[in-house]
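Enquirer: Following this message is one structure expressed as structure tokens.
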Amino acid sequence: WVMTIAARAGVSGVNITKVHAAYSLGASKWQLLRHVILPNSLPEIFTGARVAMGVCWGTVVAAELVAAQKGAGMMIIAASKFQLTDIVLMGIILIGIIGYAIDVIMRLAEQKLVPWKGQS
């Protein structure tokens, strides 16, 4: 749902004069989509993807904490039962580092794939 909202916001944010200019130059609907709408929507779509990745990572961690047999969440739960605070803290730090790495990878991909972000 996050990606859907971001894609809709990106498409609705396309400057209508660019659409009219493409039509006046003889662009087909496919060309309009490929060369005008998609490039102008990608910054918003990538922002939505970053938010969605955060939501997905949080969901995975929550699922591991509730009902997993393996994973970082299960390690934290098992360590907390035996009051192994160092393992619990290491698990929490590990979850944070992985989440931060996902965000950094998404930002690098955005910089590489959408170099025109922020330029009108």
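To be explicit about the labels: the chains of the structure tokens are called A, B, and onward in the order shown, and within each one the residues are counted from 1, while ligands get numbers from 1 in the order they are shown.
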Could you list, as a ChimeraX atom specification, every residue within 7 Å of region 37-40 of chain A, counting only C-alpha atoms and ignoring same-chain residues fewer than 3 positions away?
Expert: /A:11,14,32-34
Enquirer: What does the file look like for those residues with C-alpha atoms, as an mmCIF file, in the first residue's frame?
Expert:
```cif
data_model
loop_
_atom_site.group_PDB
_atom_site.id
_atom_site.type_symbol
_atom_site.label_atom_id
_atom_site.label_comp_id
_atom_site.auth_asym_id
_atom_site.auth_seq_id
_atom_site.Cartn_x
_atom_site.Cartn_y
_atom_site.Cartn_z
ATOM 1 C CA VAL A 11 2.274 10.324 -11.262
ATOM 2 C CA VAL A 14 4.040 15.248 -13.115
ATOM 3 C CA LEU A 32 4.562 9.522 -22.903
ATOM 4 C CA LEU A 33 4.592 6.889 -20.167
ATOM 5 C CA ARG A 34 8.177 5.820 -20.826
#
```
Enquirer: From a DSSP pass on the backbone, collect the residues of region 20-105 of chain A flagged as alpha helix (DSSP H) and hand them back as a ChimeraX atom specification.
Expert: /A:20-24,29-32,38-67,72-81,85-105
Enquirer: What's around Val51 (chain A) at 9 Å? Count only C-alpha atoms, leave out sequence neighbours fewer than 3 positions away in its own chain, and write the answer as a ChimeraX atom specification.
Expert: /A:2-3,46-48,54-56,103
Enquirer: Would you put the residues from that selection into a file with all heavy atoms, as a PDB file, in the first residue's frame?
Expert:
```pdb
ATOM      1  N   VAL A   2       2.013   1.187   0.628  1.00  0.00           N
ATOM      2  CA  VAL A   2       2.902   2.353   0.637  1.00  0.00           C
ATOM      3  C   VAL A   2       3.386   2.659  -0.780  1.00  0.00           C
ATOM      4  O   VAL A   2       3.417   3.824  -1.196  1.00  0.00           O
ATOM      5  CB  VAL A   2       4.103   2.093   1.583  1.00  0.00           C
ATOM      6  CG1 VAL A   2       5.105   3.223   1.495  1.00  0.00           C
ATOM      7  CG2 VAL A   2       3.636   1.910   2.997  1.00  0.00           C
ATOM      8  N   MET A   3       3.751   1.625  -1.509  1.00  0.00           N
ATOM      9  CA  MET A   3       4.222   1.817  -2.886  1.00  0.00           C
ATOM     10  C   MET A   3       3.110   2.355  -3.783  1.00  0.00           C
ATOM     11  O   MET A   3       3.366   3.181  -4.661  1.00  0.00           O
ATOM     12  CB  MET A   3       4.760   0.502  -3.450  1.00  0.00           C
ATOM     13  CG  MET A   3       6.069   0.069  -2.853  1.00  0.00           C
ATOM     14  SD  MET A   3       7.402   1.199  -3.215  1.00  0.00           S
ATOM     15  CE  MET A   3       7.440   1.142  -4.977  1.00  0.00           C
ATOM     16  N   PHE A  46      10.789   5.872  -5.482  1.00  0.00           N
ATOM     17  CA  PHE A  46      11.913   5.432  -4.653  1.00  0.00           C
ATOM     18  C   PHE A  46      11.726   5.826  -3.194  1.00  0.00           C
ATOM     19  O   PHE A  46      12.106   5.073  -2.292  1.00  0.00           O
ATOM     20  CB  PHE A  46      13.234   5.977  -5.195  1.00  0.00           C
ATOM     21  CG  PHE A  46      13.923   5.019  -6.105  1.00  0.00           C
ATOM     22  CD1 PHE A  46      13.782   5.112  -7.473  1.00  0.00           C
ATOM     23  CD2 PHE A  46      14.706   4.000  -5.596  1.00  0.00           C
ATOM     24  CE1 PHE A  46      14.405   4.228  -8.323  1.00  0.00           C
ATOM     25  CE2 PHE A  46      15.342   3.099  -6.432  1.00  0.00           C
ATOM     26  CZ  PHE A  46      15.194   3.213  -7.800  1.00  0.00           C
ATOM     27  N   THR A  47      11.143   6.972  -2.949  1.00  0.00           N
ATOM     28  CA  THR A  47      10.849   7.360  -1.573  1.00  0.00           C
ATOM     29  C   THR A  47       9.866   6.378  -0.956  1.00  0.00           C
ATOM     30  O   THR A  47      10.047   5.940   0.189  1.00  0.00           O
ATOM     31  CB  THR A  47      10.286   8.792  -1.524  1.00  0.00           C
ATOM     32  OG1 THR A  47      11.244   9.682  -2.087  1.00  0.00           O
ATOM     33  CG2 THR A  47       9.964   9.211  -0.111  1.00  0.00           C
ATOM     34  N   GLY A  48       8.849   6.015  -1.699  1.00  0.00           N
ATOM     35  CA  GLY A  48       7.898   5.017  -1.222  1.00  0.00           C
ATOM     36  C   GLY A  48       8.547   3.663  -1.013  1.00  0.00           C
ATOM     37  O   GLY A  48       8.213   2.937  -0.068  1.00  0.00           O
ATOM     38  N   GLY A  54      11.383  -0.276   5.030  1.00  0.00           N
ATOM     39  CA  GLY A  54      11.380  -0.142   6.488  1.00  0.00           C
ATOM     40  C   GLY A  54      10.213  -0.866   7.123  1.00  0.00           C
ATOM     41  O   GLY A  54      10.366  -1.548   8.142  1.00  0.00           O
ATOM     42  N   VAL A  55       9.042  -0.721   6.521  1.00  0.00           N
ATOM     43  CA  VAL A  55       7.857  -1.413   7.023  1.00  0.00           C
ATOM     44  C   VAL A  55       8.042  -2.924   6.916  1.00  0.00           C
ATOM     45  O   VAL A  55       7.729  -3.669   7.852  1.00  0.00           O
ATOM     46  CB  VAL A  55       6.591  -0.949   6.264  1.00  0.00           C
ATOM     47  CG1 VAL A  55       5.396  -1.819   6.596  1.00  0.00           C
ATOM     48  CG2 VAL A  55       6.291   0.502   6.578  1.00  0.00           C
ATOM     49  N   CYS A  56       8.569  -3.375   5.790  1.00  0.00           N
ATOM     50  CA  CYS A  56       8.787  -4.817   5.595  1.00  0.00           C
ATOM     51  C   CYS A  56       9.802  -5.357   6.593  1.00  0.00           C
ATOM     52  O   CYS A  56       9.602  -6.439   7.157  1.00  0.00           O
ATOM     53  CB  CYS A  56       9.251  -5.097   4.172  1.00  0.00           C
ATOM     54  SG  CYS A  56       7.991  -4.830   2.937  1.00  0.00           S
ATOM     55  N   ASP A 103      18.465   0.755   4.166  1.00  0.00           N
ATOM     56  CA  ASP A 103      18.188   2.135   3.793  1.00  0.00           C
ATOM     57  C   ASP A 103      19.332   2.731   2.980  1.00  0.00           C
ATOM     58  O   ASP A 103      19.097   3.432   1.984  1.00  0.00           O
ATOM     59  CB  ASP A 103      17.929   2.973   5.041  1.00  0.00           C
ATOM     60  CG  ASP A 103      17.462   4.370   4.689  1.00  0.00           C
ATOM     61  OD1 ASP A 103      16.443   4.492   3.980  1.00  0.00           O
ATOM     62  OD2 ASP A 103      18.123   5.340   5.114  1.00  0.00           O
TER      63      ASP A 103
END
```
Enquirer: So how far away is CA of Ile98 (chain A) from CA of Ile77 (chain A), in Å?
Expert: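 These two atoms are separated by 18.3 Å.
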Enquirer: Which residue out of A:Leu84, A:Val114, A:Ala68, A:Met53 has the minimum interatomic distance to Gly99 (chain A) when only C-alpha atoms are used?
Expert: A:Met53
Enquirer: Could you check which of A:Ala9, A:Ala63, A:Ile105, A:Ala27 is closest to Leu42 (chain A), using only C-alpha atoms?
Expert: A:Ala9
